[in-house]
Number of protein chains: 2
Amino acid sequence: MEEYSKADVLGVYAANMFGITNYVMLIKGLDWDDLVLPIYIGAHEAASIEWALKGYVHKRPMTHDLVINMLDILNVRIEKITIDAMIENIYTATIFLCKEENGKKLRYTIDARPSDSVALALRAGAPIYIANRLKNYAISESSINLMESEE
Amino acid sequence: MEEYSKADVLGVYAANMFGITNYVMLIKGLDWDDLVLPIYIGAHEAASIEWALKGYVHKRPMTHDLVINMLDILNVRIEKITIDAMIENIYTATIFLCKEENGKKLRYTIDARPSDSVALALRAGAPIYIANRLKNYAISESSINLMESEE
């Protein structure tokens, strides 16, 4: 089995739990069959991912737009992002940057949260990969639909 | 009169208006006497600026921390930020980046919102400048204290 699968962002959803609204991003490895990984993220990060998914453009650059503008002007490309591990109940991710300088490709990796990584990857059109070992935390997509219909 | 003054961030404050919580960042040109400029910003940006002012470090990199980590690894420095103008009721700012490449200093400017610019400048220890013409929108600091004591 490959260590990573290419992944899709199914969407971000608000989940009301004990009167508090939490936001969850659903990520699906392309060969994960019915399984999706729910990752809890902040409200602002959820909005930013939603804007990217819907192609919504703000009048002024929002924070992740600013990052993309910075990388563009610096001639740095996001090659891919990977969602790697769950450490102390927190998912970790990596952003892979690439820059050509004097005909050489320079590569950099940066530790990041999955939410920022996905918000940037969607804007940059960069592929998203997910570690297959995270399937252990995945749930079946059909069980989520069931939860929604019970509301 | 100089076009720009060096500026300080006095802080970010929550202001309750008609039942809605708004966040305002107070910026003061160093030679502006009693005047401060209130700039309304988002809740998430307000929190990020507050964390930078208080030196609060998160377990995982928050979005503006991530930007700083990216610039660090790319060997790019934030030289300064400027808060420039009010256009259609929205304040605009500029982030000045500098990178040494083959012994040459390359400079880049990026259009940004004041909130992101300040959140990054505080983390990078970069100076903040404010256009003196924005004094037109400034209010006296003592009037703000008065508002707070009326609550």
# chains A, B, ... in the order shown; residues from 1 in each chain; ligands from 1
>>> closest_atom_pairs(of="chain A", to="chain B", cutoff="9 Å", atoms="only C-alpha atoms", output="JSON lines")
{"residue": "A:Ala43", "atom": "CA", "partner": "B:His44", "partner_atom": "CA", "distance": 8.8}
{"residue": "A:His44", "atom": "CA", "partner": "B:His44", "partner_atom": "CA", "distance": 6.6}
{"residue": "A:Glu45", "atom": "CA", "partner": "B:Thr63", "partner_atom": "CA", "distance": 8.8}
{"residue": "A:Arg60", "atom": "CA", "partner": "B:Arg113", "partner_atom": "CA", "distance": 6.9}
{"residue": "A:Pro61", "atom": "CA", "partner": "B:Ala112", "partner_atom": "CA", "distance": 6.3}
{"residue": "A:Met62", "atom": "CA", "partner": "B:Arg113", "partner_atom": "CA", "distance": 7.7}
{"residue": "A:Thr63", "atom": "CA", "partner": "B:Asp116", "partner_atom": "CA", "distance": 6.5}
{"residue": "A:His64", "atom": "CA", "partner": "B:Thr63", "partner_atom": "CA", "distance": 8.0}
{"residue": "A:Leu66", "atom": "CA", "partner": "B:Ala112", "partner_atom": "CA", "distance": 6.6}
{"residue": "A:Val67", "atom": "CA", "partner": "B:Val67", "partner_atom": "CA", "distance": 6.8}
{"residue": "A:Asn69", "atom": "CA", "partner": "B:Ile110", "partner_atom": "CA", "distance": 7.4}
{"residue": "A:Met70", "atom": "CA", "partner": "B:Ile110", "partner_atom": "CA", "distance": 6.9}
{"residue": "A:Ile73", "atom": "CA", "partner": "B:Tyr108", "partner_atom": "CA", "distance": 7.3}
{"residue": "A:Leu74", "atom": "CA", "partner": "B:Tyr108", "partner_atom": "CA", "distance": 7.9}
{"residue": "A:Val76", "atom": "CA", "partner": "B:Leu74", "partner_atom": "CA", "distance": 8.9}
{"residue": "A:Ile90", "atom": "CA", "partner": "B:Arg60", "partner_atom": "CA", "distance": 8.8}
{"residue": "A:Thr92", "atom": "CA", "partner": "B:Arg60", "partner_atom": "CA", "distance": 8.7}
{"residue": "A:Leu97", "atom": "CA", "partner": "B:Met70", "partner_atom": "CA", "distance": 9.0}
{"residue": "A:Tyr108", "atom": "CA", "partner": "B:Ile73", "partner_atom": "CA", "distance": 7.3}
{"residue": "A:Thr109", "atom": "CA", "partner": "B:Ile73", "partner_atom": "CA", "distance": 8.6}
{"residue": "A:Ile110", "atom": "CA", "partner": "B:Met70", "partner_atom": "CA", "distance": 6.9}
{"residue": "A:Asp111", "atom": "CA", "partner": "B:Pro61", "partner_atom": "CA", "distance": 8.0}
{"residue": "A:Ala112", "atom": "CA", "partner": "B:Pro61", "partner_atom": "CA", "distance": 6.3}
{"residue": "A:Arg113", "atom": "CA", "partner": "B:Pro61", "partner_atom": "CA", "distance": 6.9}
{"residue": "A:Asp116", "atom": "CA", "partner": "B:Thr63", "partner_atom": "CA", "distance": 6.5}
>>> calpha_fit_and_write(fixed="chain B", moving="chain A", output="compact mmCIF listing (two decimals) with C-alpha atoms, in the first residue's frame")
# COMPACT_ATOMS: atom_id res chain seq x y z
CA MET A 1 5.37 67.54 7.03
CA GLU A 2 6.60 64.03 6.33
CA GLU A 3 4.24 61.84 4.35
CA TYR A 4 4.46 58.97 6.86
CA SER A 5 4.94 58.72 10.62
CA LYS A 6 6.35 55.78 12.47
CA ALA A 7 3.43 54.24 14.32
CA ASP A 8 2.57 52.10 17.32
CA VAL A 9 -0.25 49.65 17.77
CA LEU A 10 -1.98 50.71 20.98
CA GLY A 11 -4.04 47.53 21.05
CA VAL A 12 -7.12 45.79 19.78
CA TYR A 13 -10.47 46.21 21.46
CA ALA A 14 -13.92 44.70 21.24
CA ALA A 15 -16.66 47.28 20.72
CA ASN A 16 -20.27 46.30 21.19
CA MET A 17 -22.46 48.15 18.69
CA PHE A 18 -26.19 47.48 18.52
CA GLY A 19 -25.61 44.00 19.97
CA ILE A 20 -22.89 43.07 17.48
CA THR A 21 -19.28 42.76 18.63
CA ASN A 22 -16.85 44.60 16.37
CA TYR A 23 -13.10 44.67 16.75
CA VAL A 24 -11.05 47.77 16.42
CA MET A 25 -7.30 48.22 16.21
CA LEU A 26 -5.94 51.53 17.48
CA ILE A 27 -2.91 52.89 15.63
CA LYS A 28 -1.02 56.00 16.69
CA GLY A 29 1.47 57.97 14.64
CA LEU A 30 4.39 58.79 16.95
CA ASP A 31 4.06 62.53 16.26
CA TRP A 32 0.28 62.58 16.16
CA ASP A 33 -0.07 64.05 19.66
CA ASP A 34 -3.39 62.92 21.14
CA LEU A 35 -4.77 61.42 17.91
CA VAL A 36 -5.25 57.71 17.24
CA LEU A 37 -6.68 55.98 14.20
CA PRO A 38 -9.35 53.33 14.85
CA ILE A 39 -9.36 50.63 12.16
CA TYR A 40 -12.15 48.06 12.25
CA ILE A 41 -10.84 44.53 11.69
CA GLY A 42 -12.10 40.96 11.76
CA ALA A 43 -12.36 38.91 14.97
CA HIS A 44 -9.71 36.43 13.85
CA GLU A 45 -7.29 39.16 12.81
CA ALA A 46 -7.91 40.93 16.14
CA ALA A 47 -7.06 37.73 18.03
CA SER A 48 -3.92 37.26 15.97
CA ILE A 49 -2.72 40.81 16.70
CA GLU A 50 -3.54 40.37 20.40
CA TRP A 51 -1.46 37.16 20.50
CA ALA A 52 1.46 38.99 18.88
CA LEU A 53 1.19 41.94 21.29
CA LYS A 54 1.09 39.61 24.30
CA GLY A 55 3.78 37.29 22.91
CA TYR A 56 1.44 34.33 23.14
CA VAL A 57 2.82 31.29 21.33
CA HIS A 58 0.47 28.54 20.15
CA LYS A 59 1.33 24.89 20.15
CA ARG A 60 0.71 24.80 16.39
CA PRO A 61 1.51 27.65 13.96
CA MET A 62 -1.49 29.92 13.48
CA THR A 63 -1.94 31.47 10.02
CA HIS A 64 0.26 34.55 10.55
CA ASP A 65 2.91 32.41 12.29
CA LEU A 66 2.90 30.20 9.20
CA VAL A 67 3.52 33.22 6.95
CA ILE A 68 6.50 34.23 9.12
CA ASN A 69 7.85 30.65 9.00
CA MET A 70 7.50 30.64 5.19
CA LEU A 71 9.30 33.96 4.80
CA ASP A 72 12.05 32.79 7.20
CA ILE A 73 12.71 29.59 5.27
CA LEU A 74 12.68 31.53 1.98
CA ASN A 75 15.16 33.99 3.52
CA VAL A 76 12.77 36.89 2.97
CA ARG A 77 12.54 39.70 5.49
CA ILE A 78 9.64 42.07 6.20
CA GLU A 79 11.36 45.47 6.04
CA LYS A 80 8.37 47.51 7.08
CA ILE A 81 4.66 47.89 6.57
CA THR A 82 2.78 51.06 5.73
CA ILE A 83 -0.85 51.94 6.30
CA ASP A 84 -1.48 54.07 3.28
CA ALA A 85 -4.96 55.19 2.43
CA MET A 86 -8.69 54.92 2.92
CA ILE A 87 -10.33 53.81 -0.32
CA GLU A 88 -14.10 53.29 -0.46
CA ASN A 89 -14.23 53.19 3.34
CA ILE A 90 -11.55 50.50 3.54
CA TYR A 91 -8.03 51.13 4.81
CA THR A 92 -5.22 49.80 2.63
CA ALA A 93 -1.70 48.82 3.59
CA THR A 94 1.52 47.66 1.96
CA ILE A 95 4.01 45.03 3.08
CA PHE A 96 7.61 45.64 2.01
CA LEU A 97 9.64 42.44 1.55
CA CYS A 98 13.39 42.22 1.04
CA LYS A 99 15.51 39.29 -0.08
CA GLU A 100 19.24 39.08 -0.69
CA GLU A 101 20.06 37.02 -3.77
CA ASN A 102 23.55 36.79 -5.26
CA GLY A 103 24.64 39.77 -3.17
CA LYS A 104 21.78 41.93 -4.49
CA LYS A 105 18.87 43.17 -2.44
CA LEU A 106 15.58 42.39 -4.14
CA ARG A 107 12.58 44.33 -2.89
CA TYR A 108 8.91 43.49 -3.30
CA THR A 109 5.78 45.33 -2.24
CA ILE A 110 2.47 43.62 -1.59
CA ASP A 111 -0.97 45.16 -1.24
CA ALA A 112 -2.58 43.93 1.99
CA ARG A 113 -5.15 44.73 4.64
CA PRO A 114 -3.87 46.70 7.67
CA SER A 115 -4.84 43.82 9.99
CA ASP A 116 -2.71 41.20 8.21
CA SER A 117 0.11 43.72 7.76
CA VAL A 118 0.17 44.60 11.47
CA ALA A 119 -0.17 40.94 12.56
CA LEU A 120 2.91 40.15 10.44
CA ALA A 121 4.92 43.26 11.35
CA LEU A 122 4.51 42.60 15.09
CA ARG A 123 5.71 39.01 14.66
CA ALA A 124 8.64 40.04 12.45
CA GLY A 125 9.63 42.99 14.63
CA ALA A 126 9.24 45.19 11.54
CA PRO A 127 8.43 48.89 11.86
CA ILE A 128 4.93 50.19 11.13
CA TYR A 129 4.39 53.48 9.31
CA ILE A 130 1.16 55.37 8.83
CA ALA A 131 0.31 57.99 6.21
CA ASN A 132 -0.09 61.34 7.92
CA ARG A 133 -3.08 62.20 5.73
CA LEU A 134 -4.99 59.51 7.64
CA LYS A 135 -4.95 61.91 10.61
CA ASN A 136 -8.18 63.19 9.02
CA TYR A 137 -9.88 60.02 10.27
CA ALA A 138 -8.17 59.96 13.65
CA ILE A 139 -9.89 60.64 16.95
CA SER A 140 -8.49 61.91 20.22
CA GLU A 141 -7.28 59.19 22.54
CA SER A 142 -8.94 60.86 25.54
CA SER A 143 -12.38 60.58 23.88
CA ILE A 144 -11.91 56.79 23.70
CA ASN A 145 -11.15 56.52 27.40
CA LEU A 146 -14.32 58.48 28.02
CA MET A 147 -16.35 56.01 25.95
CA GLU A 148 -14.91 53.09 27.88
CA SER A 149 -15.71 54.59 31.26
CA GLU A 150 -19.35 55.13 30.23
CA GLU A 151 -19.99 51.42 29.74
>>> select_by_dssp(residues="region 1-122 of chain A", states="helix (DSSP H, G or I)", output="PyMOL selection string")
chain A and resi 43-54+63-73+114-122
>>> write_last_selection(atoms="N, CA and C atoms", output="short mmCIF file (atom, residue, chain, number, x, y, z; two decimals), in the first residue's frame")
data_model
loop_
_atom_site.label_atom_id
_atom_site.label_comp_id
_atom_site.auth_asym_id
_atom_site.auth_seq_id
_atom_site.Cartn_x
_atom_site.Cartn_y
_atom_site.Cartn_z
N ALA A 43 -13.23 28.47 12.87
CA ALA A 43 -14.31 29.08 12.09
C ALA A 43 -13.74 29.90 10.93
N HIS A 44 -12.67 30.64 11.19
CA HIS A 44 -12.09 31.50 10.18
C HIS A 44 -11.44 30.68 9.06
N GLU A 45 -10.77 29.60 9.46
CA GLU A 45 -10.14 28.71 8.49
C GLU A 45 -11.23 28.01 7.67
N ALA A 46 -12.33 27.64 8.32
CA ALA A 46 -13.44 27.00 7.61
C ALA A 46 -14.00 27.95 6.55
N ALA A 47 -14.18 29.21 6.93
CA ALA A 47 -14.70 30.21 5.98
C ALA A 47 -13.74 30.35 4.80
N SER A 48 -12.46 30.39 5.11
CA SER A 48 -11.46 30.59 4.05
C SER A 48 -11.46 29.42 3.06
N ILE A 49 -11.62 28.20 3.58
CA ILE A 49 -11.67 27.02 2.70
C ILE A 49 -12.95 27.04 1.87
N GLU A 50 -14.04 27.43 2.50
CA GLU A 50 -15.33 27.53 1.80
C GLU A 50 -15.23 28.54 0.65
N TRP A 51 -14.61 29.68 0.90
CA TRP A 51 -14.45 30.70 -0.15
C TRP A 51 -13.65 30.13 -1.32
N ALA A 52 -12.60 29.37 -0.98
CA ALA A 52 -11.75 28.79 -2.04
C ALA A 52 -12.53 27.75 -2.84
N LEU A 53 -13.31 26.92 -2.14
CA LEU A 53 -14.09 25.87 -2.82
C LEU A 53 -15.13 26.50 -3.75
N LYS A 54 -15.72 27.60 -3.30
CA LYS A 54 -16.79 28.25 -4.08
C LYS A 54 -16.22 29.26 -5.08
N THR A 63 -6.48 36.67 4.40
CA THR A 63 -5.12 36.25 4.82
C THR A 63 -4.51 35.19 3.89
N HIS A 64 -5.28 34.16 3.52
CA HIS A 64 -4.69 33.14 2.65
C HIS A 64 -4.46 33.65 1.23
N ASP A 65 -5.30 34.61 0.79
CA ASP A 65 -5.05 35.25 -0.52
C ASP A 65 -3.72 35.99 -0.47
N LEU A 66 -3.47 36.67 0.64
CA LEU A 66 -2.23 37.41 0.82
C LEU A 66 -1.02 36.48 0.72
N VAL A 67 -1.12 35.31 1.34
CA VAL A 67 -0.01 34.35 1.29
C VAL A 67 0.27 33.95 -0.17
N ILE A 68 -0.81 33.68 -0.91
CA ILE A 68 -0.67 33.31 -2.32
C ILE A 68 -0.04 34.46 -3.11
N ASN A 69 -0.48 35.69 -2.83
CA ASN A 69 0.11 36.86 -3.53
C ASN A 69 1.59 37.00 -3.21
N MET A 70 1.97 36.76 -1.94
CA MET A 70 3.38 36.82 -1.54
C MET A 70 4.21 35.78 -2.28
N LEU A 71 3.70 34.54 -2.30
CA LEU A 71 4.45 33.46 -2.95
C LEU A 71 4.57 33.75 -4.45
N ASP A 72 3.50 34.27 -5.05
CA ASP A 72 3.53 34.61 -6.48
C ASP A 72 4.62 35.61 -6.78
N ILE A 73 4.66 36.70 -6.00
CA ILE A 73 5.62 37.77 -6.26
C ILE A 73 7.05 37.29 -6.01
N PRO A 114 -3.45 21.45 8.98
CA PRO A 114 -4.18 21.03 7.77
C PRO A 114 -5.07 22.14 7.20
N SER A 115 -5.70 22.94 8.08
CA SER A 115 -6.64 23.96 7.59
C SER A 115 -5.92 25.01 6.73
N ASP A 116 -4.81 25.55 7.22
CA ASP A 116 -4.04 26.52 6.43
C ASP A 116 -3.53 25.87 5.14
N SER A 117 -3.03 24.63 5.28
CA SER A 117 -2.46 23.93 4.12
C SER A 117 -3.50 23.74 3.03
N VAL A 118 -4.71 23.33 3.43
CA VAL A 118 -5.78 23.11 2.45
C VAL A 118 -6.25 24.44 1.86
N ALA A 119 -6.39 25.45 2.71
CA ALA A 119 -6.83 26.78 2.23
C ALA A 119 -5.85 27.30 1.17
N LEU A 120 -4.56 27.03 1.36
CA LEU A 120 -3.56 27.48 0.39
C LEU A 120 -3.53 26.59 -0.85
N ALA A 121 -3.61 25.28 -0.65
CA ALA A 121 -3.55 24.35 -1.78
C ALA A 121 -4.71 24.60 -2.75
N LEU A 122 -5.91 24.82 -2.20
CA LEU A 122 -7.08 25.06 -3.06
C LEU A 122 -6.88 26.33 -3.89
#
>>> select_by_dssp(residues="region 20-67 of chain B", states="strand (DSSP E or B)", output="VMD selection string")
chain B and resid 20 to 29 35 to 41
